[in-house]
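For reference, the structure discussed in these notes is given below.
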Amino acid sequence: MNYVIIGTGPAGVVAAETLRQRESTAAITLIGDEPEPPYSRMAIPYHLIGDIAEEGTHLRKAPAHFERERIQCIQQHVSNIQVDNHQLTLADGSQLGFDKLLLATGSRAVRPPIPGMDLPGVTNCWTLADARRIIAKANAGDDVILMGAGFIGCIILEALAKRGVNLTVVEMENRMVPRMMDEQSGGLLKRWCEQQGVRVLTSTKVKAVSVAGEKLYVELETQPAMQVDLLICATGVKPNIELAKGWLQTRHGILVNRRLQTNHPDIFAAGDVAEGRDFSTGDYSVQAIQPTAVEHGFIAATNMSGGHYLHQGSVNMNVLDTMGLISASFGLWQGVENGESATLNDPEHYRYINLQFKGERLVGANTLGMTQHIGALRGLIQNRTRLGKWKDYLMDNPSRFMEAYLQQRVA
């Protein structure tokens with residue numbers, strides 16, 4: 001068999017290694033269009049701080065790992081896929097055949113349609129190339145705006161602060177990390193960051209960016225304009241579905257079934273680009289998080305190589321460390337219709353937990369400042385645990401979730 005994987009992120013790398021474990025003689029090719037070895041975007045903040053060199057971001061750090069696994073790595077852009085004859089064309093015009101193909105093309109950072117967002121002093125923080133630009137432009141004493149306080153923005157926030165810059169965060173929503181935190185927890189996180197010396201402007205938009213001498217002139221919707229050395233845009237990502245358009249079924253991402261198979265029997269999709277099953281709802285959506293990418297890569301590779309592994313659905317899960325304060329969300333953290341909820345709020349100590357129930361089952365959770373055993377929340381949700389009397393205990397004191405998890409395991 002000849003397997004080709006487009007995409008060198010976690011989904012692609014795990015898929016390639018799974019294929020090798022299952023088929024010792026197969027030809028496996030891994031194609032990425034960045035001039036880097038496969039690396040983790042989640043490691044970029046540690047590189048910005050200086051904790052690790054660029055090599056520390058690599059997904060597989062052992063020298064010649066892919067050569068030993070007999071996985072061919074190609075650093076080129078795929079310009080076209082000819083489905084009927086099972087071939088793809090690379091940017092240099094060469095062609096490569098395949099028996100089975102995995103699209104793990106991931107996602108890319110996007111910028112809002114604001115005047116001046118294409119100026120040289122504006123950058124994303126999504127690739128190693130972006131990291132190099134930030135390291136060159138964001139040094140002690142420099143004025144920096146971080147546009148977006150979502151998951152991506154909060155990952156790099158601490159790294160920027162530790163570089164000693166004068167940092168202002170601009171977020172259009174009324175709280176930080178609005179896609180994983182409610183108003184109370186998101187508001188607490190804002191207060192925490194401000195106490196660490198970071199200026200956070202919520203319910204604020206960037207209107208325009210222009211050049212002012214050697215600086216950028218940034219106009220804000222509800223605040224005075226600012227002059228900064230660098231503007232970092234962290235306002236979201238978009239799945240790279242371009243290769244699939246016109247011949248595969250797509251919506252927001254590439255549509256797949258529970259085997260991670262597209263509407264073409266020899267082509268699969270995994271990771272940020274795949275519109276896979278959501279565990280909590282049973283619907284199909286894009287979950288651009290690394291645990292889902294790893295899970296997708298394994299399942300897709302297993303099924304590509306003759307296995308029969310049905311995806312049960314990924315639990316929507318985010319865990320975030322923002323300047324030492326841990327926040328997390330699991331499942332249907334915003335709640336369900338006719339559901340019940342329980343909240344523990346201790347703002348003085350930056351502790352918060354909100355649990356969401358449907359009947360006697362926990363379906364979602366949102367926490368802040370809880371550092372121990374929060375994986376038990378995922379366990380209760382993923383196991384669809386019937387809590388029985390423990391629901392009443394949790395309604396009275398949500399912090400007892402670990403006890404509930406252990407009691408149900410014993411039962």
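To be explicit about the labels: the chains of the structure tokens are called A, B, and onward in the order shown, and within each one the residues are counted from 1, while ligands get numbers from 1 in the order they are shown.
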
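Near Val286 of chain A, within a cut-off of 8 Å and counting only C-alpha atoms, sit the residues His252, Gly253, Asp272, Val273, Ala274, Glu275 and Gly276 of chain A, with same-chain residues fewer than 4 positions away left out.
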
Non-local contacts of segment 84-87 of chain A (12 Å; only C-alpha atoms; under 3 positions in same chain excluded) as an mmCIF file with N, CA and C atoms, in the first residue's frame:
```cif
data_model
loop_
_atom_site.group_PDB
_atom_site.id
_atom_site.type_symbol
_atom_site.label_atom_id
_atom_site.label_comp_id
_atom_site.auth_asym_id
_atom_site.auth_seq_id
_atom_site.Cartn_x
_atom_site.Cartn_y
_atom_site.Cartn_z
ATOM 1 N N ASN A 2 0.352 2.272 -0.632
ATOM 2 C CA ASN A 2 1.055 3.544 -0.706
ATOM 3 C C ASN A 2 0.168 4.603 -0.038
ATOM 4 N N TYR A 3 0.578 5.045 1.160
ATOM 5 C CA TYR A 3 -0.191 6.026 1.923
ATOM 6 C C TYR A 3 0.465 7.399 1.811
ATOM 7 N N VAL A 4 -0.344 8.416 1.585
ATOM 8 C CA VAL A 4 0.140 9.794 1.557
ATOM 9 C C VAL A 4 -0.679 10.611 2.551
ATOM 10 N N VAL A 78 1.160 21.201 -1.785
ATOM 11 C CA VAL A 78 0.386 20.395 -2.739
ATOM 12 C C VAL A 78 -0.550 21.337 -3.485
ATOM 13 N N SER A 79 -0.386 21.413 -4.796
ATOM 14 C CA SER A 79 -1.166 22.373 -5.576
ATOM 15 C C SER A 79 -2.449 21.785 -6.125
ATOM 16 N N ASN A 80 -2.509 20.449 -6.270
ATOM 17 C CA ASN A 80 -3.685 19.867 -6.908
ATOM 18 C C ASN A 80 -3.768 18.380 -6.595
ATOM 19 N N ILE A 81 -4.996 17.874 -6.490
ATOM 20 C CA ILE A 81 -5.223 16.439 -6.304
ATOM 21 C C ILE A 81 -6.085 15.941 -7.446
ATOM 22 N N LEU A 90 2.672 18.447 -6.811
ATOM 23 C CA LEU A 90 3.386 19.321 -5.882
ATOM 24 C C LEU A 90 3.712 20.645 -6.560
ATOM 25 N N SER A 94 6.075 18.145 -9.868
ATOM 26 C CA SER A 94 6.186 16.689 -9.783
ATOM 27 C C SER A 94 4.875 16.091 -9.274
ATOM 28 N N GLN A 95 4.678 14.814 -9.574
ATOM 29 C CA GLN A 95 3.449 14.138 -9.174
ATOM 30 C C GLN A 95 3.764 12.959 -8.261
ATOM 31 N N LEU A 96 2.791 12.662 -7.413
ATOM 32 C CA LEU A 96 2.943 11.582 -6.441
ATOM 33 C C LEU A 96 1.645 10.794 -6.404
ATOM 34 N N GLY A 97 1.740 9.488 -6.540
ATOM 35 C CA GLY A 97 0.562 8.638 -6.502
ATOM 36 C C GLY A 97 0.254 8.158 -5.096
ATOM 37 N N PHE A 98 -0.979 7.714 -4.897
ATOM 38 C CA PHE A 98 -1.372 7.183 -3.594
ATOM 39 C C PHE A 98 -2.469 6.135 -3.776
ATOM 40 N N ASP A 99 -2.496 5.193 -2.820
ATOM 41 C CA ASP A 99 -3.633 4.284 -2.707
ATOM 42 C C ASP A 99 -4.680 4.849 -1.748
ATOM 43 N N LYS A 100 -4.198 5.345 -0.601
ATOM 44 C CA LYS A 100 -5.070 5.991 0.387
ATOM 45 C C LYS A 100 -4.441 7.338 0.759
ATOM 46 N N LEU A 101 -5.302 8.342 0.919
ATOM 47 C CA LEU A 101 -4.844 9.698 1.192
ATOM 48 C C LEU A 101 -5.509 10.219 2.458
ATOM 49 N N TRP A 247 -14.731 18.745 -4.908
ATOM 50 C CA TRP A 247 -14.794 17.301 -5.159
ATOM 51 C C TRP A 247 -15.015 16.487 -3.887
ATOM 52 N N HIS A 264 -15.278 10.223 -0.453
ATOM 53 C CA HIS A 264 -14.484 9.365 -1.357
ATOM 54 C C HIS A 264 -13.903 8.235 -0.521
ATOM 55 N N PRO A 265 -14.086 6.977 -0.905
ATOM 56 C CA PRO A 265 -13.703 5.856 -0.037
ATOM 57 C C PRO A 265 -12.213 5.763 0.269
ATOM 58 N N ASP A 266 -11.353 6.323 -0.579
ATOM 59 C CA ASP A 266 -9.911 6.225 -0.367
ATOM 60 C C ASP A 266 -9.305 7.470 0.261
ATOM 61 N N ILE A 267 -10.144 8.405 0.668
ATOM 62 C CA ILE A 267 -9.633 9.665 1.203
ATOM 63 C C ILE A 267 -10.263 9.934 2.566
#
```

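Summary of the local environment: counting only C-alpha atoms, residues at most 6 Å from segment 258-261 of chain A, other than itself and those fewer than 5 positions away along its chain, are Phe268, Ala269, Ala300, Leu310 and His311 of chain A.
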
Could you dump the residues just selected with N, CA, C and O atoms as a short mmCIF file (atom, residue, chain, number, x, y, z; two decimals), in the first residue's frame?
```
data_model
loop_
_atom_site.label_atom_id
_atom_site.label_comp_id
_atom_site.auth_asym_id
_atom_site.auth_seq_id
_atom_site.Cartn_x
_atom_site.Cartn_y
_atom_site.Cartn_z
N PHE A 268 -9.42 10.24 3.54
CA PHE A 268 -9.82 10.48 4.91
C PHE A 268 -9.38 11.90 5.31
O PHE A 268 -8.56 12.52 4.63
N ALA A 269 -9.93 12.39 6.39
CA ALA A 269 -9.53 13.71 6.91
C ALA A 269 -9.45 13.65 8.42
O ALA A 269 -10.18 12.90 9.07
N ALA A 300 -8.15 7.63 11.98
CA ALA A 300 -8.10 7.65 10.52
C ALA A 300 -7.09 6.64 10.00
O ALA A 300 -7.38 5.88 9.06
N LEU A 310 -14.79 3.02 15.04
CA LEU A 310 -15.79 4.08 14.92
C LEU A 310 -15.50 5.18 15.94
O LEU A 310 -15.33 4.91 17.13
N HIS A 311 -15.45 6.39 15.46
CA HIS A 311 -15.19 7.54 16.31
C HIS A 311 -16.42 7.81 17.17
O HIS A 311 -17.52 8.04 16.66
#
```

For segment 139-176 of chain A against segment 44-48 of chain A, with a cut-off of 9 Å and counting only C-alpha atoms, what is the closest atom pair and its distance in Å to one decimal for every residue that makes the cut, ordered by chain and number, as a tab-separated table?
```
residue	atom	partner	partner_atom	distance
A:Ile155	CA	A:Pro45	CA	6.8
A:Ile156	CA	A:Pro45	CA	5.3
A:Leu157	CA	A:Pro45	CA	8.4
A:Glu158	CA	A:Pro45	CA	8.0
A:Ala159	CA	A:Pro45	CA	5.5
A:Leu160	CA	A:Leu48	CA	7.4
A:Lys162	CA	A:Leu48	CA	8.9
A:Arg163	CA	A:Leu48	CA	7.8
```

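Atom to atom, atom CA of Gly306 of chain A and atom CA of Thr25 of chain A stand 14.5 Å apart.
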
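Across A:Thr29, A:Gln290, A:Thr89, A:Asn257, the tightest approach to Arg41 of chain A is made by A:Gln290 when counting only C-alpha atoms.
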
Among segment 111-269 of chain A, which ones does DSSP assign to helix (DSSP H, G or I) (computed from the backbone)? Answer as a compact mmCIF listing (two decimals) with all heavy atoms, in the first residue's frame.
```
# COMPACT_ATOMS: atom_id res chain seq x y z
N LEU A 128 6.26 29.02 13.24
CA LEU A 128 7.61 29.36 13.71
C LEU A 128 8.11 30.62 13.05
O LEU A 128 8.86 31.40 13.65
CB LEU A 128 8.56 28.18 13.45
CG LEU A 128 8.56 27.07 14.50
CD1 LEU A 128 9.46 25.92 14.06
CD2 LEU A 128 9.02 27.60 15.86
N ALA A 129 7.72 30.85 11.80
CA ALA A 129 8.10 32.10 11.13
C ALA A 129 7.51 33.30 11.85
O ALA A 129 8.18 34.33 12.02
CB ALA A 129 7.64 32.06 9.66
N ASP A 130 6.25 33.17 12.31
CA ASP A 130 5.65 34.24 13.12
C ASP A 130 6.44 34.45 14.41
O ASP A 130 6.69 35.60 14.83
CB ASP A 130 4.20 33.90 13.48
CG ASP A 130 3.27 33.87 12.29
OD1 ASP A 130 3.55 34.57 11.30
OD2 ASP A 130 2.26 33.15 12.35
N ALA A 131 6.83 33.36 15.04
CA ALA A 131 7.59 33.46 16.29
C ALA A 131 8.90 34.22 16.09
O ALA A 131 9.30 35.03 16.93
CB ALA A 131 7.85 32.07 16.85
N ARG A 132 9.55 33.97 14.96
CA ARG A 132 10.81 34.68 14.68
C ARG A 132 10.56 36.19 14.56
O ARG A 132 11.36 36.99 15.04
CB ARG A 132 11.44 34.13 13.40
CG ARG A 132 11.88 32.68 13.53
CD ARG A 132 12.48 32.14 12.23
NE ARG A 132 12.62 30.69 12.31
CZ ARG A 132 12.00 29.83 11.52
NH1 ARG A 132 11.21 30.26 10.54
NH2 ARG A 132 12.18 28.53 11.68
N ARG A 133 9.46 36.57 13.92
CA ARG A 133 9.14 37.99 13.80
C ARG A 133 8.86 38.61 15.16
O ARG A 133 9.28 39.74 15.45
CB ARG A 133 7.93 38.17 12.88
CG ARG A 133 8.26 38.03 11.40
CD ARG A 133 7.08 38.45 10.53
NE ARG A 133 6.02 37.43 10.55
CZ ARG A 133 5.97 36.41 9.70
NH1 ARG A 133 6.91 36.25 8.78
NH2 ARG A 133 4.97 35.54 9.77
N ILE A 134 8.15 37.88 16.02
CA ILE A 134 7.84 38.40 17.35
C ILE A 134 9.10 38.55 18.18
O ILE A 134 9.29 39.57 18.87
CB ILE A 134 6.81 37.49 18.05
CG1 ILE A 134 5.46 37.58 17.33
CG2 ILE A 134 6.65 37.88 19.52
CD1 ILE A 134 4.44 36.56 17.78
N ILE A 135 9.98 37.58 18.13
CA ILE A 135 11.23 37.65 18.89
C ILE A 135 12.06 38.86 18.45
O ILE A 135 12.70 39.54 19.27
CB ILE A 135 12.02 36.34 18.73
CG1 ILE A 135 11.32 35.21 19.50
CG2 ILE A 135 13.46 36.49 19.20
CD1 ILE A 135 11.86 33.83 19.21
N ALA A 136 12.01 39.17 17.16
CA ALA A 136 12.78 40.31 16.65
C ALA A 136 12.14 41.65 17.02
O ALA A 136 12.84 42.66 17.16
CB ALA A 136 12.90 40.21 15.13
N LYS A 137 10.82 41.67 17.21
CA LYS A 137 10.10 42.94 17.35
C LYS A 137 9.54 43.21 18.75
O LYS A 137 9.11 44.33 19.04
CB LYS A 137 8.93 42.98 16.36
CG LYS A 137 9.35 43.15 14.91
CD LYS A 137 9.53 44.62 14.59
CE LYS A 137 9.67 44.84 13.10
NZ LYS A 137 9.76 46.29 12.78
N PHE A 151 -8.46 31.65 23.03
CA PHE A 151 -7.55 30.60 23.47
C PHE A 151 -6.14 30.87 22.96
O PHE A 151 -5.16 30.79 23.70
CB PHE A 151 -8.06 29.25 22.97
CG PHE A 151 -7.31 28.07 23.54
CD1 PHE A 151 -7.64 27.56 24.79
CD2 PHE A 151 -6.27 27.48 22.84
CE1 PHE A 151 -6.96 26.49 25.33
CE2 PHE A 151 -5.59 26.40 23.37
CZ PHE A 151 -5.92 25.90 24.62
N ILE A 152 -6.00 31.19 21.67
CA ILE A 152 -4.68 31.42 21.08
C ILE A 152 -4.02 32.62 21.74
O ILE A 152 -2.84 32.57 22.12
CB ILE A 152 -4.79 31.63 19.57
CG1 ILE A 152 -5.37 30.40 18.89
CG2 ILE A 152 -3.43 31.97 18.96
CD1 ILE A 152 -5.78 30.62 17.46
N GLY A 153 -4.78 33.71 21.89
CA GLY A 153 -4.21 34.91 22.49
C GLY A 153 -3.71 34.67 23.91
O GLY A 153 -2.63 35.12 24.28
N CYS A 154 -4.51 33.96 24.70
CA CYS A 154 -4.12 33.74 26.09
C CYS A 154 -2.95 32.78 26.23
O CYS A 154 -2.23 32.82 27.23
CB CYS A 154 -5.33 33.25 26.89
SG CYS A 154 -6.51 34.58 27.25
N ILE A 155 -2.75 31.92 25.24
CA ILE A 155 -1.58 31.04 25.27
C ILE A 155 -0.29 31.86 25.17
O ILE A 155 0.69 31.58 25.85
CB ILE A 155 -1.66 30.00 24.14
CG1 ILE A 155 -2.68 28.91 24.48
CG2 ILE A 155 -0.31 29.36 23.87
CD1 ILE A 155 -2.90 27.92 23.37
N ILE A 156 -0.30 32.88 24.32
CA ILE A 156 0.93 33.65 24.10
C ILE A 156 1.04 34.87 25.01
O ILE A 156 2.10 35.49 25.09
CB ILE A 156 1.07 34.08 22.63
CG1 ILE A 156 -0.06 35.02 22.23
CG2 ILE A 156 1.12 32.88 21.72
CD1 ILE A 156 0.11 35.61 20.85
N LEU A 157 -0.05 35.20 25.72
CA LEU A 157 -0.06 36.39 26.56
C LEU A 157 1.07 36.37 27.59
O LEU A 157 1.82 37.35 27.73
CB LEU A 157 -1.43 36.49 27.25
CG LEU A 157 -1.78 37.73 28.06
CD1 LEU A 157 -3.29 37.91 28.07
CD2 LEU A 157 -1.27 37.63 29.49
N GLU A 158 1.21 35.27 28.30
CA GLU A 158 2.24 35.19 29.33
C GLU A 158 3.64 35.30 28.73
O GLU A 158 4.51 35.96 29.30
CB GLU A 158 2.12 33.88 30.11
CG GLU A 158 3.15 33.74 31.21
CD GLU A 158 2.94 32.50 32.06
OE1 GLU A 158 2.09 31.66 31.71
OE2 GLU A 158 3.64 32.37 33.07
N ALA A 159 3.83 34.66 27.57
CA ALA A 159 5.15 34.72 26.94
C ALA A 159 5.52 36.15 26.59
O ALA A 159 6.66 36.59 26.78
CB ALA A 159 5.16 33.85 25.68
N LEU A 160 4.54 36.92 26.09
CA LEU A 160 4.80 38.31 25.76
C LEU A 160 5.12 39.12 27.01
O LEU A 160 6.05 39.93 27.03
CB LEU A 160 3.60 38.90 25.03
CG LEU A 160 3.32 38.32 23.65
CD1 LEU A 160 1.95 38.78 23.14
CD2 LEU A 160 4.41 38.71 22.65
N ALA A 161 4.35 38.90 28.07
CA ALA A 161 4.60 39.63 29.32
C ALA A 161 5.99 39.33 29.86
O ALA A 161 6.70 40.22 30.34
CB ALA A 161 3.53 39.29 30.35
N LYS A 162 6.40 38.07 29.77
CA LYS A 162 7.72 37.69 30.28
C LYS A 162 8.85 38.25 29.44
O LYS A 162 9.99 38.32 29.90
CB LYS A 162 7.82 36.16 30.36
CG LYS A 162 7.06 35.57 31.54
CD LYS A 162 7.38 34.10 31.74
CE LYS A 162 6.74 33.57 33.01
NZ LYS A 162 7.04 32.14 33.24
N GLU A 183 -19.21 34.74 31.80
CA GLU A 183 -18.89 36.12 32.16
C GLU A 183 -18.16 36.21 33.50
O GLU A 183 -17.25 37.02 33.67
CB GLU A 183 -20.16 36.96 32.21
CG GLU A 183 -20.74 37.24 30.82
CD GLU A 183 -21.83 38.30 30.86
OE1 GLU A 183 -21.77 39.19 31.74
OE2 GLU A 183 -22.73 38.24 30.02
N GLN A 184 -18.54 35.36 34.45
CA GLN A 184 -17.89 35.43 35.76
C GLN A 184 -16.44 34.97 35.69
O GLN A 184 -15.54 35.65 36.18
CB GLN A 184 -18.68 34.58 36.78
CG GLN A 184 -20.02 35.20 37.18
CD GLN A 184 -20.79 34.31 38.14
OE1 GLN A 184 -21.27 33.24 37.77
NE2 GLN A 184 -20.91 34.75 39.38
N SER A 185 -16.20 33.80 35.11
CA SER A 185 -14.83 33.29 35.06
C SER A 185 -13.97 34.12 34.11
O SER A 185 -12.80 34.41 34.40
CB SER A 185 -14.83 31.82 34.65
OG SER A 185 -15.52 31.63 33.42
N GLY A 186 -14.54 34.54 32.97
CA GLY A 186 -13.79 35.38 32.04
C GLY A 186 -13.44 36.73 32.65
O GLY A 186 -12.37 37.28 32.40
N GLY A 187 -14.36 37.27 33.46
CA GLY A 187 -14.08 38.53 34.16
C GLY A 187 -13.00 38.38 35.22
O GLY A 187 -12.15 39.26 35.40
N LEU A 188 -13.02 37.24 35.93
CA LEU A 188 -11.97 36.98 36.92
C LEU A 188 -10.60 36.87 36.26
O LEU A 188 -9.60 37.35 36.79
CB LEU A 188 -12.28 35.70 37.69
CG LEU A 188 -13.20 35.80 38.90
CD1 LEU A 188 -13.46 34.43 39.49
CD2 LEU A 188 -12.59 36.73 39.95
N LEU A 189 -10.56 36.23 35.09
CA LEU A 189 -9.29 36.09 34.39
C LEU A 189 -8.76 37.45 33.97
O LEU A 189 -7.55 37.71 34.06
CB LEU A 189 -9.46 35.18 33.17
CG LEU A 189 -8.20 34.90 32.37
CD1 LEU A 189 -7.14 34.24 33.23
CD2 LEU A 189 -8.51 34.02 31.16
N LYS A 190 -9.64 38.33 33.52
CA LYS A 190 -9.21 39.69 33.18
C LYS A 190 -8.60 40.38 34.39
O LYS A 190 -7.52 41.00 34.30
CB LYS A 190 -10.40 40.48 32.65
CG LYS A 190 -10.08 41.95 32.39
CD LYS A 190 -11.31 42.73 31.94
CE LYS A 190 -10.99 44.21 31.78
NZ LYS A 190 -12.16 45.00 31.33
N ARG A 191 -9.28 40.30 35.54
CA ARG A 191 -8.76 40.94 36.75
C ARG A 191 -7.39 40.37 37.14
O ARG A 191 -6.49 41.11 37.53
CB ARG A 191 -9.75 40.74 37.90
CG ARG A 191 -9.53 41.71 39.06
CD ARG A 191 -10.56 41.47 40.14
NE ARG A 191 -10.10 40.44 41.06
CZ ARG A 191 -10.86 39.92 42.04
NH1 ARG A 191 -12.10 40.32 42.17
NH2 ARG A 191 -10.38 39.00 42.84
N TRP A 192 -7.24 39.06 36.98
CA TRP A 192 -5.96 38.40 37.29
C TRP A 192 -4.84 38.96 36.40
O TRP A 192 -3.77 39.31 36.89
CB TRP A 192 -6.11 36.91 37.09
CG TRP A 192 -4.82 36.13 37.15
CD1 TRP A 192 -4.02 35.78 36.11
CD2 TRP A 192 -4.19 35.61 38.33
NE1 TRP A 192 -2.94 35.06 36.55
CE2 TRP A 192 -3.01 34.94 37.91
CE3 TRP A 192 -4.50 35.63 39.69
CZ2 TRP A 192 -2.15 34.33 38.80
CZ3 TRP A 192 -3.64 34.99 40.58
CH2 TRP A 192 -2.49 34.36 40.14
N CYS A 193 -5.09 39.05 35.11
CA CYS A 193 -4.06 39.54 34.18
C CYS A 193 -3.70 40.98 34.47
O CYS A 193 -2.52 41.36 34.41
CB CYS A 193 -4.55 39.41 32.74
SG CYS A 193 -4.70 37.71 32.16
N GLU A 194 -4.69 41.80 34.83
CA GLU A 194 -4.41 43.20 35.15
C GLU A 194 -3.55 43.30 36.40
O GLU A 194 -2.68 44.18 36.49
CB GLU A 194 -5.72 43.96 35.32
CG GLU A 194 -6.45 44.17 33.99
CD GLU A 194 -7.83 44.77 34.15
OE1 GLU A 194 -8.44 44.60 35.24
OE2 GLU A 194 -8.31 45.41 33.19
N GLN A 195 -3.76 42.40 37.36
CA GLN A 195 -2.93 42.41 38.57
C GLN A 195 -1.49 42.00 38.26
O GLN A 195 -0.58 42.32 39.02
CB GLN A 195 -3.52 41.49 39.63
CG GLN A 195 -4.77 42.06 40.29
CD GLN A 195 -5.10 41.39 41.61
OE1 GLN A 195 -4.51 40.37 41.96
NE2 GLN A 195 -6.04 41.97 42.35
N GLU A 242 -9.13 24.14 1.13
CA GLU A 242 -9.07 24.51 -0.29
C GLU A 242 -8.81 23.31 -1.19
O GLU A 242 -9.38 23.21 -2.28
CB GLU A 242 -7.99 25.58 -0.52
CG GLU A 242 -8.39 26.96 -0.03
CD GLU A 242 -8.42 27.08 1.50
OE1 GLU A 242 -7.75 26.27 2.18
OE2 GLU A 242 -9.12 27.97 2.01
N LEU A 243 -7.94 22.38 -0.78
CA LEU A 243 -7.64 21.22 -1.61
C LEU A 243 -8.86 20.32 -1.81
O LEU A 243 -8.93 19.56 -2.78
CB LEU A 243 -6.51 20.40 -1.00
CG LEU A 243 -5.08 20.90 -1.23
CD1 LEU A 243 -4.10 20.06 -0.42
CD2 LEU A 243 -4.72 20.87 -2.70
N ALA A 244 -9.82 20.41 -0.91
CA ALA A 244 -10.99 19.52 -0.96
C ALA A 244 -12.17 20.13 -1.69
O ALA A 244 -13.10 19.42 -2.08
CB ALA A 244 -11.41 19.14 0.46
```

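Pairwise distance (atom CA of Ala15 of chain A, atom CA of Val315 of chain A) equals 19.9 Å.
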
Within 6 Å of segment 365-368 of chain A, counting only C-alpha atoms, which residues show up once you throw out same-chain ones fewer than 3 positions away? Write them as a list in words, please.
Ile326, Ser327, Ala328, Ser329, Phe330, Trp333, Arg351, Tyr352, Ile353, Asn354, Leu355 and Gln356 of chain A

Restricting the output to C-alpha atoms, write the selected residues as a JSON list (two decimals), in the first residue's frame.
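In the end it all went to again.json:
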```
[["chain", "number", "residue", "atom", "x", "y", "z"],
["A", 326, "ILE", "CA", -5.53, 27.58, 35.18],
["A", 327, "SER", "CA", -8.89, 27.67, 33.43],
["A", 328, "ALA", "CA", -10.77, 24.81, 31.78],
["A", 329, "SER", "CA", -13.99, 23.98, 30.00],
["A", 330, "PHE", "CA", -15.48, 20.60, 29.17],
["A", 333, "TRP", "CA", -20.17, 24.16, 29.46],
["A", 351, "ARG", "CA", -11.53, 30.04, 42.30],
["A", 352, "TYR", "CA", -14.61, 29.35, 40.23],
["A", 353, "ILE", "CA", -16.51, 26.28, 39.10],
["A", 354, "ASN", "CA", -19.75, 25.96, 37.22],
["A", 355, "LEU", "CA", -21.32, 22.55, 36.54],
["A", 356, "GLN", "CA", -24.05, 21.91, 33.98]]
```
